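Below is one structure, written out as structure tokens; the observations come after it.
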Amino acid sequence: MAALEFSAAEKEEAVSLLQSLIRIDTTNPPGNEREAIELVENRCQSMGLETVLVGTSRERPNLVARWPAGAHRKCERPLILSCHLDVVPANPEQWTHPPLSGFDDGTCIWGRGAIDMKGFAAMGLSALSRLRKEQTPINRDLIFVAVCDEEAGTRHGSKWLVDNHADLLGENPEYVINEVGGFTVHQKGRRFYPVQVAEKGVAWIRMTVKGTSGHSSLPSDDNAVVHLGKAIEAIGRTRLPWHPSEEASRFIAGFAGPDGAAARALSPLLSHPVIGPRLLPLAVTDPSRRKSLEAILRNTANPTVLKTGNPINVIPSTASVDIDGRLAPGQNAADLIRELQNITARIPGVDAKFEILEESPAVSFSPDTPLFEEIERGLREADPEAHVIPSIIQGFTDSKNYARLGAICYGFYPLQLPEEIDFASLFHGIDERIPITGFHWGIKTLTQVLQKFLTKS
Ligand SMILES: [Zn+2]
């Protein structure tokens, strides 16, 4: 197969589409993704794809565009390319360039969504356009999906789509390519490319404590708000137990691999329930890397939303806090509640009750597939020094919903990043931006992987 090259015009078109998408405000809440979704739909239609918009409201549609494989070909189960077009809020006062500007400084395109994940929408369309132009004889339906509402929990987006329109998603797609993976992580002079094959589960929990209601002009030794404060403080201070998993161990081993025998021998100890928590601060000195490794090795529980009584002059009889819990593979919300109960049970006078507001388990997919192999090969061709690692992320993506269709979902959004740009800090961060050459590198890498995988006999 001839080497794949993109013309200057093709590259420019992808960048300008990304800029247009950034300039459409899809901050969620409220999202209002319609204009952005329609822009993407337009591009799909101009390539001759069949498109459908469906959703829970007019303002928040989801796009499904389909490229059917020819009827005469032996057909595999479909492959979905998925992106979300909503973004998290950004405060312009904190940014170097306005977050909805799509500003081009000659090196990077700036703006909310440049990375997460309008960049992938532009990249995917660019790849698709190229494959269409070349009349690539695809061996399965290729379905391009752009959803709303990922950032606020997927209720109007992929969750709704999977619950109500599995038909549009090919009923039982074999693969989904989505965020978060395929970007460069620099470590000790080496370049790693994590490709996401697993994500932690979610357990949103409400903790409520009781006290005695009364007039707040009198002293009280049974004030629910004070009890709640103590319980929150204790949860915040306690490090929950380690729950080693194959997903986490494989990820840690992947980074240690090229470091030689000593590092390879040390890496399994990080997952050890007793040694791991003590070893981690010594073995990983970078605080942000340490935090993300710790997050994949245990459950986490962050109190976020307080609910107490009012008015100010009445002591409320109850007070509660919502806790954003994230589950290690193999754990469920009841397990996490037990861990929290162990903490609060030790506080005198505090009787905490827990209820589950929302729960979804961790998802995990085998990296032992022909698509993963192709992704790995593609990354190595694009960067001969690449170390490709099946990774697990601490957050969730639309993949948790697609998993319910029986699809194998990978986070593969190829992006070559220079050493001074740290992916984790851009994701939902201030000054989110995408390096233009790395973006073009990604388009080429994604196109190549799709081209080879979709024409395999
Ligand atoms: Zn995202």
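In the structure tokens, chains take letters A, B, ... by order of appearance, with residues numbered from 1 within each chain and ligands from 1 in the order shown.
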Write out as a list in words each polymer residue (protein, DNA or RNA) that has an atom no more than 7 Å from ligand 1, with only C-alpha atoms and all ligand atoms counted.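 These are the residues that qualify: His84, Asp116, Met117, Glu150, Glu151, Glu179 and Thr397 of chain A.
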Pull the closest atom pair for each residue of range 271-337 of chain A that gets at most 12 Å from range 414-431 of chain A, along with the distance in Å to one decimal, counting only C-alpha atoms, ordering rows by chain and then ascending residue number, as a tab-separated table.
residue	atom	partner	partner_atom	distance
A:Ser288	CA	A:Ala424	CA	8.5
A:Arg289	CA	A:Ala424	CA	9.2
A:Lys291	CA	A:Ala424	CA	11.3
A:Ser292	CA	A:Ala424	CA	9.4
Could you save the residues just selected, with C-alpha atoms, as a CSV table (one decimal), in the first residue's frame?
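File out_25.csv, as written:
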chain,number,residue,atom,x,y,z
A,288,SER,CA,0.1,14.1,39.1
A,289,ARG,CA,1.3,10.7,37.9
A,291,LYS,CA,-2.4,10.5,41.8
A,292,SER,CA,-3.6,8.9,38.6
For range 133-139 of chain A, please output as number ranges by chain all residues within 6 Å (counting only C-alpha atoms; exclusion window: fewer than 5 positions along the same chain). A: 69, 75, 454-455
Near-Cys108 in chain A list (9 Å; only C-alpha atoms; drop same-chain fewer than 6 positions) as a list in words: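 Within the cut-off, the hits are Arg433, Ile434, Pro435, Ile436 and Thr437 of chain A.
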Return the single residue from A:Ala362, A:Ala256, A:Ala382, A:Ala403 that is closest to Lys444 in chain A, with distances computed using only C-alpha atoms. A:Ala382
At what distance in Å, to one decimal, does CA of Phe396 in chain A lie from CA of Pro30 in chain A? 19.7 Å
Which residues in range 256-349 of chain A does DSSP call alpha helix (DSSP H)? List them as a short mmCIF file (atom, residue, chain, number, x, y, z; two decimals) with C-alpha atoms, in the first residue's frame.
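For reference, result.cif as written:
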data_model
loop_
_atom_site.label_atom_id
_atom_site.label_comp_id
_atom_site.auth_asym_id
_atom_site.auth_seq_id
_atom_site.Cartn_x
_atom_site.Cartn_y
_atom_site.Cartn_z
CA ALA A 256 8.03 -0.23 33.71
CA ALA A 261 14.66 -5.99 34.91
CA ALA A 262 14.71 -4.15 38.26
CA ALA A 263 11.78 -1.92 37.33
CA ARG A 264 9.89 -4.89 35.91
CA ALA A 265 10.38 -6.76 39.17
CA LEU A 266 9.28 -3.76 41.23
CA SER A 267 6.14 -2.92 39.29
CA PRO A 268 3.90 -5.79 40.56
CA LEU A 269 4.62 -4.66 44.13
CA LEU A 270 2.80 -1.38 43.43
CA ILE A 275 3.22 -2.89 50.06
CA GLY A 276 1.67 -0.82 47.25
CA PRO A 277 0.37 2.12 49.32
CA ARG A 278 3.78 2.49 51.01
CA LEU A 279 5.84 1.99 47.88
CA LEU A 280 3.94 4.33 45.56
CA PRO A 281 5.18 7.65 47.05
CA LEU A 282 8.77 6.37 46.84
CA ALA A 283 8.52 4.85 43.37
CA PRO A 287 2.54 14.10 42.06
CA SER A 288 0.09 14.13 39.13
CA ARG A 289 1.25 10.73 37.86
CA ARG A 290 1.16 9.35 41.39
CA LYS A 291 -2.43 10.51 41.84
CA SER A 292 -3.62 8.92 38.63
CA LEU A 293 -1.88 5.63 39.42
CA GLU A 294 -3.34 5.59 42.90
CA ALA A 295 -6.79 6.26 41.46
CA ILE A 296 -6.70 3.13 39.33
CA LEU A 297 -5.53 0.97 42.24
CA ALA A 333 -21.21 0.61 45.18
CA ALA A 334 -22.02 -1.65 48.15
CA ASP A 335 -18.30 -2.40 48.54
CA LEU A 336 -17.48 1.30 48.56
CA ILE A 337 -20.27 2.03 51.07
CA ARG A 338 -18.79 -0.61 53.38
CA GLU A 339 -15.44 1.14 53.17
CA LEU A 340 -17.05 4.49 54.00
CA GLN A 341 -19.04 2.95 56.86
CA ASN A 342 -15.81 1.63 58.35
CA ILE A 343 -14.60 5.21 58.51
CA THR A 344 -17.73 6.90 59.89
#
Write out as a ChimeraX atom specification which residues come within 12 Å of Gly102 in chain A when counting only C-alpha atoms, dropping same-chain ones fewer than 4 positions away. /A:15-25,97-98,106,108-115,118-119,431-434,436
I need the residue nearest Ser216 in chain A from this list: A:Ile315, A:Leu131, A:Leu306, A:Val202. Use only C-alpha atoms for the distance.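 Using only C-alpha atoms, the shortest distance to Ser216 in chain A belongs to A:Ile315.
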According to DSSP computed on the backbone, where in range 6-155 of chain A is there strand (DSSP E)? Give the residues as number ranges by chain. A: 50-55, 61-67, 76-84, 108-110, 140-147
Return the single residue from A:Arg77, A:Arg377, A:Arg346, A:Arg34 that is closest to Ile235 in chain A, with distances computed using only C-alpha atoms.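 Checking each candidate against Ile235 in chain A, we get A:Arg346 as the closest.
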With a distance cut-off of 10 Å and only C-alpha atoms, select the neighbouring residues of Arg404 in chain A, excluding the residue or stretch itself and same-chain residues fewer than 2 positions from it, and output the selection as an mmCIF file with C-alpha atoms, in the first residue's frame.
data_model
loop_
_atom_site.group_PDB
_atom_site.id
_atom_site.type_symbol
_atom_site.label_atom_id
_atom_site.label_comp_id
_atom_site.auth_asym_id
_atom_site.auth_seq_id
_atom_site.Cartn_x
_atom_site.Cartn_y
_atom_site.Cartn_z
ATOM 1 C CA LYS A 159 -26.888 6.288 27.182
ATOM 2 C CA VAL A 162 -27.936 2.784 23.335
ATOM 3 C CA ASP A 163 -31.205 2.394 25.289
ATOM 4 C CA ALA A 166 -29.396 0.124 19.134
ATOM 5 C CA ASN A 172 -24.299 -5.466 17.785
ATOM 6 C CA VAL A 363 -15.781 -1.695 32.021
ATOM 7 C CA SER A 399 -17.707 3.568 26.070
ATOM 8 C CA LYS A 400 -19.448 2.492 29.272
ATOM 9 C CA ASN A 401 -22.731 2.635 27.329
ATOM 10 C CA TYR A 402 -21.465 1.127 24.086
ATOM 11 C CA GLY A 406 -21.410 -6.074 23.385
ATOM 12 C CA ALA A 407 -18.885 -3.869 21.588
ATOM 13 C CA ILE A 408 -15.164 -3.859 22.312
#
